[in-house]
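Below: model_22.pdb (PDB, C-alpha atoms and all ligand atoms)
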```pdb
ATOM      1  CA  MET C  22      83.001 117.662 138.675  1.00  0.00           C
ATOM      2  CA  LYS C  23      79.387 116.545 138.481  1.00  0.00           C
ATOM      3  CA  GLU C  24      78.239 113.207 139.785  1.00  0.00           C
ATOM      4  CA  ILE C  25      78.397 110.050 137.618  1.00  0.00           C
ATOM      5  CA  HIS C  26      74.952 108.472 137.516  1.00  0.00           C
ATOM      6  CA  LEU C  27      74.936 106.573 134.191  1.00  0.00           C
ATOM      7  CA  PRO C  28      76.983 103.371 134.047  1.00  0.00           C
ATOM      8  CA  TYR C  29      78.651 102.431 130.748  1.00  0.00           C
ATOM      9  CA  SER C  30      80.039  99.118 129.529  1.00  0.00           C
ATOM     10  CA  ASP C  31      83.811  98.662 129.729  1.00  0.00           C
ATOM     11  CA  GLN C  32      83.915  98.877 125.923  1.00  0.00           C
ATOM     12  CA  VAL C  33      83.113 102.590 126.032  1.00  0.00           C
ATOM     13  CA  ILE C  34      86.241 104.709 126.459  1.00  0.00           C
ATOM     14  CA  ALA C  35      86.208 107.224 129.324  1.00  0.00           C
ATOM     15  CA  ALA C  36      85.963 110.251 127.024  1.00  0.00           C
ATOM     16  CA  HIS C  37      82.637 108.968 125.647  1.00  0.00           C
ATOM     17  CA  ARG C  38      80.917 108.310 128.983  1.00  0.00           C
ATOM     18  CA  PHE C  39      78.626 111.329 128.791  1.00  0.00           C
ATOM     19  CA  GLN C  40      76.594 112.012 131.938  1.00  0.00           C
ATOM     20  CA  TYR C  41      75.023 115.379 131.106  1.00  0.00           C
ATOM     21  CA  CYS C  42      73.625 116.722 127.868  1.00  0.00           C
ATOM     22  CA  PRO C  43      76.265 118.577 125.804  1.00  0.00           C
ATOM     23  CA  MET C  44      73.489 120.824 124.431  1.00  0.00           C
ATOM     24  CA  CYS C  45      71.444 121.783 127.528  1.00  0.00           C
ATOM     25  CA  THR C  46      73.301 120.206 130.533  1.00  0.00           C
ATOM     26  CA  ALA C  47      70.276 118.159 131.748  1.00  0.00           C
ATOM     27  CA  ALA C  48      71.049 114.727 133.228  1.00  0.00           C
ATOM     28  CA  LEU C  49      71.067 112.061 130.495  1.00  0.00           C
ATOM     29  CA  LYS C  50      69.084 108.802 130.571  1.00  0.00           C
ATOM     30  CA  ARG C  51      69.484 105.424 128.898  1.00  0.00           C
ATOM     31  CA  SER C  52      66.352 103.875 127.384  1.00  0.00           C
ATOM     32  CA  PRO C  53      64.969 102.916 123.958  1.00  0.00           C
ATOM     33  CA  VAL C  54      64.344 106.117 122.013  1.00  0.00           C
ATOM     34  CA  ILE C  55      64.591 105.648 118.223  1.00  0.00           C
ATOM     35  CA  ASP C  56      64.532 101.835 118.072  1.00  0.00           C
ATOM     36  CA  ALA C  57      64.652  98.880 120.473  1.00  0.00           C
ATOM     37  CA  ILE C  58      68.247  99.566 121.604  1.00  0.00           C
ATOM     38  CA  PRO C  59      68.604 101.495 124.885  1.00  0.00           C
ATOM     39  CA  ARG C  60      70.503 104.682 124.016  1.00  0.00           C
ATOM     40  CA  ILE C  61      71.853 107.587 125.998  1.00  0.00           C
ATOM     41  CA  HIS C  62      69.621 110.587 125.354  1.00  0.00           C
ATOM     42  CA  CYS C  63      68.451 113.871 126.844  1.00  0.00           C
ATOM     43  CA  PRO C  64      64.858 113.878 128.124  1.00  0.00           C
ATOM     44  CA  ALA C  65      64.915 117.704 128.131  1.00  0.00           C
ATOM     45  CA  CYS C  66      66.018 118.636 124.581  1.00  0.00           C
ATOM     46  CA  GLY C  67      66.017 115.341 122.653  1.00  0.00           C
ATOM     47  CA  TRP C  68      69.781 115.057 122.016  1.00  0.00           C
ATOM     48  CA  ILE C  69      70.782 111.428 121.299  1.00  0.00           C
ATOM     49  CA  GLN C  70      74.260 110.018 121.740  1.00  0.00           C
ATOM     50  CA  LEU C  71      75.163 108.144 118.541  1.00  0.00           C
ATOM     51  CA  VAL C  72      78.864 107.466 118.960  1.00  0.00           C
ATOM     52  CA  SER C  73      80.335 105.418 116.138  1.00  0.00           C
ATOM     53  CA  ASP C  74      83.550 103.450 115.994  1.00  0.00           C
ATOM     54  CA  CYS C  75      86.532 105.570 115.013  1.00  0.00           C
ATOM     55  CA  VAL C  76      87.282 105.216 111.264  1.00  0.00           C
ATOM     56  CA  CYS C  77      90.911 105.361 110.121  1.00  0.00           C
ATOM     57  CA  VAL C  78      92.497 105.007 106.710  1.00  0.00           C
ATOM     58  CA  ILE C  79      95.934 103.534 105.957  1.00  0.00           C
ATOM     59  CA  SER C  80      97.609 103.520 102.533  1.00  0.00           C
ATOM     60  CA  VAL C  81     100.372 101.490 100.930  1.00  0.00           C
ATOM     61  CA  VAL C  82     101.778 104.163  98.593  1.00  0.00           C
ATOM     62  CA  LYS C  83     103.760 102.977  95.585  1.00  0.00           C
ATOM     63  CA  ALA C  84     106.305 105.492  94.291  1.00  0.00           C
ATOM     64  CA  GLU C  85     109.390 105.415  92.054  1.00  0.00           C
ATOM     65  CA  GLY C  86     111.783 103.023  93.861  1.00  0.00           C
ATOM     66  CA  GLY C  87     109.398 101.344  96.266  1.00  0.00           C
ATOM     67  CA  VAL C  88     106.789 102.227  98.862  1.00  0.00           C
ATOM     68  CA  VAL C  89     106.555 105.199 101.210  1.00  0.00           C
ATOM     69  CA  LEU C  90     107.413 104.651 104.895  1.00  0.00           C
ATOM     70  CA  LEU C  91     107.245 107.157 107.679  1.00  0.00           C
ATOM     71  CA  TYR C  92     108.841 107.184 111.119  1.00  0.00           C
ATOM     72  CA  PRO C  93     106.468 108.584 113.750  1.00  0.00           C
ATOM     73  CA  PRO C  94     108.122 109.642 117.020  1.00  0.00           C
ATOM     74  CA  ASP C  95     106.270 107.004 119.085  1.00  0.00           C
ATOM     75  CA  GLY C  96     109.043 104.409 119.204  1.00  0.00           C
ATOM     76  CA  LEU C  97     106.991 101.739 117.381  1.00  0.00           C
ATOM     77  CA  GLY C  98     109.183 101.835 114.282  1.00  0.00           C
ATOM     78  CA  PRO C  99     108.127 102.632 110.716  1.00  0.00           C
ATOM     79  CA  GLY C 100     104.535 102.837 109.545  1.00  0.00           C
ATOM     80  CA  LEU C 101     102.415 103.690 106.552  1.00  0.00           C
ATOM     81  CA  PRO C 102     100.660 107.034 106.033  1.00  0.00           C
ATOM     82  CA  GLY C 103      97.116 107.390 107.298  1.00  0.00           C
ATOM     83  CA  GLY C 104      94.874 108.835 109.946  1.00  0.00           C
ATOM     84  CA  ILE C 105      91.345 109.517 111.116  1.00  0.00           C
ATOM     85  CA  VAL C 106      88.537 110.051 108.607  1.00  0.00           C
ATOM     86  CA  GLU C 107      86.847 113.388 109.414  1.00  0.00           C
ATOM     87  CA  TYR C 108      83.095 113.724 109.819  1.00  0.00           C
ATOM     88  CA  GLY C 109      81.470 113.938 106.380  1.00  0.00           C
ATOM     89  CA  GLU C 110      84.667 112.940 104.566  1.00  0.00           C
ATOM     90  CA  ALA C 111      84.779 109.930 102.229  1.00  0.00           C
ATOM     91  CA  PRO C 112      87.426 107.346 103.199  1.00  0.00           C
ATOM     92  CA  GLU C 113      89.217 107.676  99.851  1.00  0.00           C
ATOM     93  CA  GLU C 114      89.350 111.479 100.267  1.00  0.00           C
ATOM     94  CA  ALA C 115      90.783 111.022 103.754  1.00  0.00           C
ATOM     95  CA  ALA C 116      93.408 108.615 102.419  1.00  0.00           C
ATOM     96  CA  VAL C 117      94.543 111.077  99.735  1.00  0.00           C
ATOM     97  CA  ARG C 118      94.563 113.983 102.238  1.00  0.00           C
ATOM     98  CA  GLU C 119      96.532 112.088 104.898  1.00  0.00           C
ATOM     99  CA  VAL C 120      99.210 110.978 102.423  1.00  0.00           C
ATOM    100  CA  LEU C 121      99.631 114.573 101.231  1.00  0.00           C
ATOM    101  CA  GLU C 122      99.854 115.925 104.804  1.00  0.00           C
ATOM    102  CA  GLU C 123     102.305 113.273 105.954  1.00  0.00           C
ATOM    103  CA  THR C 124     104.506 112.777 102.879  1.00  0.00           C
ATOM    104  CA  GLY C 125     104.058 115.684 100.455  1.00  0.00           C
ATOM    105  CA  LEU C 126     102.920 113.277  97.738  1.00  0.00           C
ATOM    106  CA  GLN C 127      99.776 113.532  95.656  1.00  0.00           C
ATOM    107  CA  VAL C 128      98.325 110.057  95.199  1.00  0.00           C
ATOM    108  CA  MET C 129      95.670 108.245  93.250  1.00  0.00           C
ATOM    109  CA  ILE C 130      93.859 105.337  94.903  1.00  0.00           C
ATOM    110  CA  VAL C 131      94.589 102.104  92.992  1.00  0.00           C
ATOM    111  CA  GLN C 132      92.464  99.643  94.941  1.00  0.00           C
ATOM    112  CA  SER C 133      90.947  98.793  98.281  1.00  0.00           C
ATOM    113  CA  LEU C 134      92.849  96.364 100.515  1.00  0.00           C
ATOM    114  CA  GLY C 135      89.706  95.778 102.579  1.00  0.00           C
ATOM    115  CA  TRP C 136      89.127  96.695 106.191  1.00  0.00           C
ATOM    116  CA  SER C 137      90.083  95.577 109.666  1.00  0.00           C
ATOM    117  CA  TYR C 138      88.645  96.162 113.144  1.00  0.00           C
ATOM    118  CA  VAL C 139      90.343  96.599 116.519  1.00  0.00           C
ATOM    119  CA  ALA C 140      88.539  97.180 119.845  1.00  0.00           C
ATOM    120  CA  TYR C 141      91.104  99.490 121.494  1.00  0.00           C
ATOM    121  CA  PRO C 142      90.257  99.849 125.202  1.00  0.00           C
ATOM    122  CA  ASP C 143      91.295 103.517 125.248  1.00  0.00           C
ATOM    123  CA  PHE C 144      91.677 106.377 122.808  1.00  0.00           C
ATOM    124  CA  PRO C 145      90.550 106.305 120.056  1.00  0.00           C
ATOM    125  CA  GLY C 146      88.333 103.391 121.144  1.00  0.00           C
ATOM    126  CA  PRO C 147      86.942 100.732 118.787  1.00  0.00           C
ATOM    127  CA  THR C 148      88.425 101.469 115.360  1.00  0.00           C
ATOM    128  CA  VAL C 149      87.653 100.385 111.806  1.00  0.00           C
ATOM    129  CA  TYR C 150      90.676 100.638 109.521  1.00  0.00           C
ATOM    130  CA  ILE C 151      89.978 101.074 105.814  1.00  0.00           C
ATOM    131  CA  LEU C 152      93.040 100.031 103.840  1.00  0.00           C
ATOM    132  CA  PHE C 153      94.127 101.260 100.414  1.00  0.00           C
ATOM    133  CA  GLU C 154      96.791 100.772  97.809  1.00  0.00           C
ATOM    134  CA  ALA C 155      97.706 104.087  96.186  1.00  0.00           C
ATOM    135  CA  GLU C 156     100.186 105.384  93.648  1.00  0.00           C
ATOM    136  CA  ALA C 157     102.136 108.647  93.731  1.00  0.00           C
ATOM    137  CA  VAL C 158     101.138 110.886  90.827  1.00  0.00           C
ATOM    138  CA  GLY C 159     102.682 114.208  91.894  1.00  0.00           C
ATOM    139  CA  GLY C 160     104.066 116.337  94.688  1.00  0.00           C
ATOM    140  CA  SER C 161     107.491 115.751  96.218  1.00  0.00           C
ATOM    141  CA  LEU C 162     108.529 113.676  99.196  1.00  0.00           C
ATOM    142  CA  LYS C 163     108.964 115.765 102.318  1.00  0.00           C
ATOM    143  CA  GLU C 164     108.657 115.312 106.061  1.00  0.00           C
ATOM    144  CA  GLY C 165     105.132 115.993 107.252  1.00  0.00           C
ATOM    145  CA  ASP C 166     103.390 116.014 110.605  1.00  0.00           C
ATOM    146  CA  GLU C 167     104.142 112.342 111.410  1.00  0.00           C
ATOM    147  CA  GLY C 168     107.937 112.425 111.218  1.00  0.00           C
ATOM    148  CA  PRO C 169     110.604 111.618 108.588  1.00  0.00           C
ATOM    149  CA  VAL C 170     109.587 109.841 105.378  1.00  0.00           C
ATOM    150  CA  CYS C 171     111.438 107.688 102.884  1.00  0.00           C
ATOM    151  CA  ILE C 172     110.888 105.437  99.900  1.00  0.00           C
ATOM    152  CA  CYS C 173     111.828 101.837 100.653  1.00  0.00           C
ATOM    153  CA  PRO C 174     112.300  99.082  98.051  1.00  0.00           C
ATOM    154  CA  VAL C 175     109.409  96.615  98.359  1.00  0.00           C
ATOM    155  CA  GLU C 176     111.742  93.710  99.230  1.00  0.00           C
ATOM    156  CA  ASP C 177     113.310  95.703 102.097  1.00  0.00           C
ATOM    157  CA  VAL C 178     110.095  96.764 103.844  1.00  0.00           C
ATOM    158  CA  PRO C 179     110.433  95.631 107.486  1.00  0.00           C
ATOM    159  CA  VAL C 180     107.798  93.730 109.420  1.00  0.00           C
ATOM    160  CA  PHE C 181     105.662  96.431 111.019  1.00  0.00           C
ATOM    161  CA  SER C 182     104.940  96.309 114.730  1.00  0.00           C
ATOM    162  CA  PRO C 183     101.628  94.472 115.241  1.00  0.00           C
ATOM    163  CA  GLN C 184     100.789  97.376 117.589  1.00  0.00           C
ATOM    164  CA  ARG C 185     100.699  99.473 114.427  1.00  0.00           C
ATOM    165  CA  HIS C 186      97.681  97.467 113.426  1.00  0.00           C
ATOM    166  CA  GLY C 187      96.617  99.392 110.305  1.00  0.00           C
ATOM    167  CA  SER C 188     100.090  99.431 108.753  1.00  0.00           C
ATOM    168  CA  TYR C 189     100.721  95.802 109.698  1.00  0.00           C
ATOM    169  CA  THR C 190      97.471  94.595 108.145  1.00  0.00           C
ATOM    170  CA  ALA C 191      97.646  96.787 105.035  1.00  0.00           C
ATOM    171  CA  TRP C 192     101.155  95.538 104.306  1.00  0.00           C
ATOM    172  CA  GLN C 193     100.109  91.872 104.809  1.00  0.00           C
ATOM    173  CA  ARG C 194      97.259  92.325 102.331  1.00  0.00           C
ATOM    174  CA  PHE C 195      99.446  94.166  99.813  1.00  0.00           C
ATOM    175  CA  SER C 196     102.387  91.745  99.941  1.00  0.00           C
ATOM    176  CA  HIS C 197     100.393  88.501 100.223  1.00  0.00           C
ATOM    177  CA  PRO C 198      97.298  89.155  98.108  1.00  0.00           C
TER     178      PRO C 198
HETATM  179 ZN    ZN M 201      69.622 118.357 126.343  1.00  0.00          ZN
END
```
Take the structure in this file and express it as structure tokens.
Amino acid sequence: MKEIHLPYSDQVIAAHRFQYCPMCTAALKRSPVIDAIPRIHCPACGWIQLVSDCVCVISVVKAEGGVVLLYPPDGLGPGLPGGIVEYGEAPEEAAVREVLEETGLQVMIVQSLGWSYVAYPDFPGPTVYILFEAEAVGGSLKEGDEGPVCICPVEDVPVFSPQRHGSYTAWQRFSHP
């Protein structure tokens, strides 16, 4: 383990506290480099650390009989389908992909339910949630990589755990527009 020489603010999660250049292994520095903001960069090869907030999408999916819920194995109760937007992927593409992976349903985005921000102190760190309403247009409901899925009548949807921030907020926006 190499020595830690660059301090980071408490806002930066441990996994992002780079000390040495990931390209050439030289010791990194913090100073203004592309604008007035001091940034972590490599004086040897020019690499610049530009970490962004994590971007997640969450969708309220309307289907015949209600909305789609899933039951991840984390003990927080039901949630809505969603996940991390990949590098270079549009949020609406990520939303469609995540619903397919987690529920087996093909969906069409109906509208945006806005966004929400949470500064998680650990993984995945500060996160922007982009929230969508979507409608099932094909596929068939099946358990995906986030646990069992079901279609729940709108009036029976439970209050989501506030710890499931994206699902909680998306449902608030959808049910109290
Ligand atoms: Zn370097």
Using all atoms listed in the file for the distances, tell me which of C:Tyr189, C:Tyr41, C:Phe153, C:Trp136 is nearest to ligand ZN 201 (chain M).
C:Tyr41
Go through C:Leu121, C:Cys77, C:Ile151, C:Met44 and flag the residue nearest C:Ser133, using only C-alpha atoms for the distances.
C:Ile151
Rounded to one decimal in Å, what is the spacing between atom CA of C:Pro28 and atom CA of C:Tyr108?
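Going from atom CA of C:Pro28 over to atom CA of C:Tyr108 covers 27.0 Å.
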What does the distance from atom CA of C:Val149 to atom CA of C:Ile79 come to in Å, to one decimal?
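Taking atom CA of C:Val149 and atom CA of C:Ile79, their separation equals 10.6 Å.
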Expand the PyMOL selection byres (((chain C and resi 78) around 7) and not hetatm) into the individual residues it matches in the shown file, reporting them as number ranges by chain.
C: 76-77, 79-80, 103-106, 112, 115-116, 150-152
At most 9 Å is the cut-off: for each residue in chain C with any atom that close to an atom of ligand ZN 201 (chain M), write down the nearest atom pair and the distance in Å rounded to one decimal, counting all atoms listed in the file, chain first then increasing number, as a Markdown table.
```
| residue | atom | partner | partner_atom | distance |
| --- | --- | --- | --- | --- |
| C:Tyr41 | CA | M:ZN201 | ZN | 7.8 |
| C:Cys42 | CA | M:ZN201 | ZN | 4.6 |
| C:Pro43 | CA | M:ZN201 | ZN | 6.7 |
| C:Met44 | CA | M:ZN201 | ZN | 5.0 |
| C:Cys45 | CA | M:ZN201 | ZN | 4.1 |
| C:Thr46 | CA | M:ZN201 | ZN | 5.9 |
| C:Ala47 | CA | M:ZN201 | ZN | 5.4 |
| C:Ala48 | CA | M:ZN201 | ZN | 7.9 |
| C:Leu49 | CA | M:ZN201 | ZN | 7.7 |
| C:His62 | CA | M:ZN201 | ZN | 7.8 |
| C:Cys63 | CA | M:ZN201 | ZN | 4.7 |
| C:Pro64 | CA | M:ZN201 | ZN | 6.8 |
| C:Ala65 | CA | M:ZN201 | ZN | 5.1 |
| C:Cys66 | CA | M:ZN201 | ZN | 4.0 |
| C:Gly67 | CA | M:ZN201 | ZN | 6.0 |
| C:Trp68 | CA | M:ZN201 | ZN | 5.4 |
| C:Ile69 | CA | M:ZN201 | ZN | 8.6 |
```
May I ask for the distance between atom CA of C:Ala155 and atom CA of C:Pro179, given in Å to one decimal place?
19.0 Å
Could you check the closest approach to C:Tyr138 for each of C:Leu91, C:Cys171, C:Ala157, C:Cys75 and tell me which residue wins, using all atoms listed in the file?
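Looking only at the distances to C:Tyr138, the closest residue turns out to be C:Cys75.
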Which is closest to C:Asp31 among C:Glu114, C:Glu122, C:Glu156, C:Asp143, if we use all atoms listed in the file?
C:Asp143
